[in-house]
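Novice: Okay, handing you the structure first.
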Amino acid sequence: MVMKQFTLISALSLSLFALALTSAFAADLAIYSGPTNPGWISQDAAIANAEAIMNDDQMQAIFESIENYGDGDEVGADSPLGKWMVAHTGNGQQDVFIAASGTAPSAVYQFPNADPDGSNIENFIEDGNVFINVADWLLYMSYEGGTRSADNGAAGAANVFDIPGLTFGNRGGPQVPTDAGKAYIPSLEEFQSDRPWHLEQFDGTDWEVTPFAVSNDDANTSDPAVAVHKTDGGIIAAMWQKAQPEWAGDDPRASGVIEFIANWLMEHGNIATPVEAQDKAATTWGRIKSGR
């Protein structure tokens with residue numbers, strides 16, 4: 001009886017080991033839920049959304065590690081968030097950074113446009129990683145320490161996209177889900193964006209944009225949407241850029257980001273591609289042997 005139990009456990013262990021060799025993901029997730037521009041998303045909402053993403057079963061299955069950075073973690077390149085950005089640039093895997101606060105602290109992009117080329121976030125994206133922004137205008141300003149910084153203004157996004165004059169200025173009517181939106185973000189509902197994408201500005205650039213919703217009176221106005229760099233594979237998503245401190249009902253800025261990652265990013269990104277799975281399998285095998 002003992003021998004049979006040992007054989008069964010050994011067979012199960014070997015099966016888990018084989019699974020680790022073939023299906024281990026290599027991706028890390030960082031979320032910034034530090035001080036917000038309170039007219040766009042409340043601090044409580046940013047924290048709640050970050051916690052919803054961190055505690056989601058799908059996110060925990062996809063990412064090897066999930067880190068949440070808040071007030072005090074984001075000041076300068078030597079801060080905890082700055083060190084995460086640097087460590088996850090050039091590490092051979094596709095990692096994800098979410099600005100749940102909608103703001104751009106100096107760990108990510110030194111204000112006011114102090115590093116228009118070669119910022120931590122630009123280097124991170126050019127390495128093929130993923131940046132997801134919600135709420136406020138992408139990279140517009142920081143509120144670190146609870147105080148509004150000198151704004152990057154529209155130049156923050158323009159510099160990182162390398163598209164002079166790029167704007168997310170308000171225009172168009174309510175955003176209506178596209179076929180892609182219905183397929184990849186099934187919870188997406190019609191809403192009025194305050195900072196939509198101007199899709200025509202991406203024509204002839206190095207970016208391919210997928211709109212998940214477009215204005216009902218202007219097909220070039222979109223929110224949410226995602227752009228993929230045609231050469232380096234970097235990904236930027238700007239989603240629910242709307243001045244709504246507290247969302248009535250379920251906050252799509254959490255559930256929608258989860259769906260975007262679990263559905264669109266897992267299909268179109270490189271997160272689902274194992275990287276150095278052999279090394280990760282050794283860790284898994286150690287846990288199996290120790291019964292953890």
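Residues in the structure tokens are numbered from 1 in each chain, the chains being A, B, ... in the order shown, and ligands are numbered from 1 in the order shown.
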Taking 4 positions as the minimum chain separation for residues in the same chain, which residues sit within 9 Å of A:Ala27 when counting only C-alpha atoms? Answer as a list in words.

Specialist: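 In the requested form, the answer reads Ile62, Phe63, Glu64, Ser65, Gln93, Gln94, Asp95, Val96, Ile271, Ala272, Pro274 and Val275 of chain A.
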
Novice: Once you have the residues from the selection above, write them out as a tab-separated table (two decimals), in the first residue's frame, restricted to N, CA and C atoms.

Specialist:
```
chain	number	residue	atom	x	y	z
A	62	ILE	N	-1.40	34.19	-14.23
A	62	ILE	CA	-0.61	34.66	-15.36
A	62	ILE	C	0.76	35.17	-14.93
A	63	PHE	N	0.81	35.93	-13.83
A	63	PHE	CA	2.04	36.61	-13.45
A	63	PHE	C	2.79	35.86	-12.35
A	64	GLU	N	4.09	35.80	-12.51
A	64	GLU	CA	4.92	35.15	-11.50
A	64	GLU	C	4.96	35.98	-10.22
A	65	SER	N	4.96	37.31	-10.38
A	65	SER	CA	4.92	38.18	-9.21
A	65	SER	C	4.07	39.39	-9.53
A	93	GLN	N	11.99	39.08	-20.78
A	93	GLN	CA	10.59	38.67	-20.68
A	93	GLN	C	9.70	39.90	-20.85
A	94	GLN	N	8.43	39.65	-21.16
A	94	GLN	CA	7.49	40.75	-21.34
A	94	GLN	C	6.75	40.99	-20.03
A	95	ASP	N	7.03	42.13	-19.41
A	95	ASP	CA	6.42	42.48	-18.15
A	95	ASP	C	5.39	43.59	-18.35
A	96	VAL	N	4.58	43.84	-17.32
A	96	VAL	CA	3.47	44.78	-17.43
A	96	VAL	C	3.51	45.78	-16.29
A	271	ILE	N	3.42	37.29	-23.24
A	271	ILE	CA	3.38	36.83	-21.86
A	271	ILE	C	3.18	35.32	-21.79
A	272	ALA	N	2.38	34.77	-22.69
A	272	ALA	CA	2.08	33.33	-22.67
A	272	ALA	C	3.21	32.49	-23.23
A	274	PRO	N	6.66	30.87	-22.73
A	274	PRO	CA	7.59	30.59	-21.65
A	274	PRO	C	8.98	31.12	-21.96
A	275	VAL	N	9.61	31.73	-20.95
A	275	VAL	CA	10.97	32.22	-21.09
A	275	VAL	C	11.82	31.54	-20.03
```

Novice: If you count only C-alpha atoms, which residues fall within 6 Å of A:Pro196, apart from same-chain ones fewer than 5 positions away, as a compact mmCIF listing (two decimals) with C-alpha atoms, in the first residue's frame?

Specialist:
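Result written to selection_38.txt:
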```txt
# COMPACT_ATOMS: atom_id res chain seq x y z
CA PHE A 168 -5.64 63.08 -26.17
CA SER A 222 -11.42 55.94 -29.47
CA ASP A 223 -11.21 54.83 -25.84
```

Novice: Looking at only C-alpha atoms, which of A:Ala135, A:Val228, A:Val130, A:Met141 is the one that sits closest to A:Gly39?

Specialist: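 Of A:Ala135, A:Val228, A:Val130, A:Met141, the one nearest A:Gly39 is A:Ala135, counting only C-alpha atoms.
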
Novice: Using only C-alpha atoms, which protein or nucleic acid residues come within 10 Å of A:Thr178? Drop anything in the same chain fewer than 3 positions from it, and give the result as a list in words.

Specialist: Gln175, Gly181, Lys182, Ala183, Tyr184, Ile185, Leu188, Thr210, Pro211, Phe212, Ala213, Val214, Ser215 and Ser222 of chain A

Novice: Determine, counting only C-alpha atoms, which protein, DNA and RNA residues have an atom within 8 Å of an atom of A:Asn170; residues of the same chain fewer than 5 positions away are not included. Present the result as number ranges by chain.

Specialist: A: 193-196

Novice: Using only C-alpha atoms, which protein or nucleic acid residues come within 9 Å of A:Thr167? Drop anything in the same chain fewer than 4 positions from it, and give the result as an NGL selection string.

Specialist: :A and (154-155 or 157-158 or 195-198 or 201)

Novice: What separation in Å, quoted to one decimal, exists between atom CA of A:Gln110 and atom CA of A:Met85?

Specialist: 13.2 Å

Novice: Any idea what's packed within 10 Å of A:Trp84, counting only C-alpha atoms, ignoring anything in its chain fewer than 6 positions away? Could you give it as an mmCIF file with C-alpha atoms, in the first residue's frame?

Specialist:
```cif
data_model
loop_
_atom_site.group_PDB
_atom_site.id
_atom_site.type_symbol
_atom_site.label_atom_id
_atom_site.label_comp_id
_atom_site.auth_asym_id
_atom_site.auth_seq_id
_atom_site.Cartn_x
_atom_site.Cartn_y
_atom_site.Cartn_z
ATOM 1 C CA ASP A 28 5.874 40.167 -13.684
ATOM 2 C CA LEU A 29 3.287 42.859 -12.988
ATOM 3 C CA ALA A 30 3.746 46.191 -11.216
ATOM 4 C CA GLU A 67 3.857 44.265 -6.871
ATOM 5 C CA TYR A 69 3.613 50.593 -5.327
ATOM 6 C CA ALA A 77 14.834 56.385 -10.375
ATOM 7 C CA ASP A 78 16.287 54.995 -7.137
ATOM 8 C CA PHE A 97 3.179 48.125 -15.638
ATOM 9 C CA ALA A 107 10.245 56.915 -11.101
ATOM 10 C CA VAL A 108 8.577 56.412 -14.471
ATOM 11 C CA ASN A 120 12.372 54.654 -17.591
#
```

Novice: Which of these, A:Val134, A:Val160, A:Leu199, A:Ala262, has the shortest distance to A:Gly234 once you count only C-alpha atoms?

Specialist: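 Of A:Val134, A:Val160, A:Leu199, A:Ala262, the one nearest A:Gly234 is A:Val160, counting only C-alpha atoms.
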
Novice: With only C-alpha atoms as the atoms that count, which of A:Asp232, A:Glu259, A:Asp44, A:Asp218 lies nearest to A:Ser187?

Specialist: A:Glu259

Novice: Tell me, which residues of stretch 23-54 of chain A carry DSSP strand (DSSP E), written as a ChimeraX atom specification?

Specialist: /A:28-32

Novice: If we count only C-alpha atoms and set the cut-off at 8 Å, which residues sit around A:Ala100, ignoring sequence neighbours fewer than 3 positions away in its own chain? Please answer as number ranges by chain.

Specialist: A: 31-33, 46-47, 49-50, 103, 133-135

Novice: Include N, CA and C atoms and write out the residues we just selected as a PDB file, in the first residue's frame.

Specialist:
```pdb
ATOM      1  N   ILE A  31       1.981  47.558 -10.298  1.00  0.00           N
ATOM      2  CA  ILE A  31       0.855  48.485 -10.313  1.00  0.00           C
ATOM      3  C   ILE A  31       1.231  49.712  -9.500  1.00  0.00           C
ATOM      4  N   TYR A  32       0.941  50.892 -10.028  1.00  0.00           N
ATOM      5  CA  TYR A  32       1.149  52.117  -9.262  1.00  0.00           C
ATOM      6  C   TYR A  32      -0.201  52.653  -8.823  1.00  0.00           C
ATOM      7  N   SER A  33      -0.425  52.672  -7.496  1.00  0.00           N
ATOM      8  CA  SER A  33      -1.676  53.170  -6.938  1.00  0.00           C
ATOM      9  C   SER A  33      -1.428  54.334  -5.987  1.00  0.00           C
ATOM     10  N   ALA A  46      -8.401  54.142  -6.896  1.00  0.00           N
ATOM     11  CA  ALA A  46      -7.140  53.629  -7.436  1.00  0.00           C
ATOM     12  C   ALA A  46      -6.634  52.450  -6.608  1.00  0.00           C
ATOM     13  N   ILE A  47      -6.715  52.581  -5.290  1.00  0.00           N
ATOM     14  CA  ILE A  47      -6.262  51.501  -4.411  1.00  0.00           C
ATOM     15  C   ILE A  47      -7.157  50.275  -4.559  1.00  0.00           C
ATOM     16  N   ASN A  49      -8.977  49.414  -7.143  1.00  0.00           N
ATOM     17  CA  ASN A  49      -8.752  48.791  -8.446  1.00  0.00           C
ATOM     18  C   ASN A  49      -7.464  47.983  -8.453  1.00  0.00           C
ATOM     19  N   ALA A  50      -6.424  48.537  -7.835  1.00  0.00           N
ATOM     20  CA  ALA A  50      -5.148  47.811  -7.764  1.00  0.00           C
ATOM     21  C   ALA A  50      -5.330  46.501  -6.991  1.00  0.00           C
ATOM     22  N   THR A 103      -1.478  58.669 -13.162  1.00  0.00           N
ATOM     23  CA  THR A 103      -0.446  59.695 -13.088  1.00  0.00           C
ATOM     24  C   THR A 103       0.916  59.102 -13.411  1.00  0.00           C
ATOM     25  N   ASN A 133      -2.400  52.494 -18.953  1.00  0.00           N
ATOM     26  CA  ASN A 133      -2.784  53.686 -18.211  1.00  0.00           C
ATOM     27  C   ASN A 133      -4.297  53.813 -18.160  1.00  0.00           C
ATOM     28  N   VAL A 134      -4.815  54.168 -16.981  1.00  0.00           N
ATOM     29  CA  VAL A 134      -6.248  54.430 -16.846  1.00  0.00           C
ATOM     30  C   VAL A 134      -6.440  55.820 -16.229  1.00  0.00           C
ATOM     31  N   ALA A 135      -7.644  56.359 -16.427  1.00  0.00           N
ATOM     32  CA  ALA A 135      -8.102  57.591 -15.777  1.00  0.00           C
ATOM     33  C   ALA A 135      -7.561  58.849 -16.438  1.00  0.00           C
TER      34      ALA A 135
END
```

Novice: Could you state the separation of atom CA of A:Pro80 and atom CA of A:Gly256 in Å, given to one decimal place?

Specialist: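 Distance reported for this atom pair: 26.9 Å.
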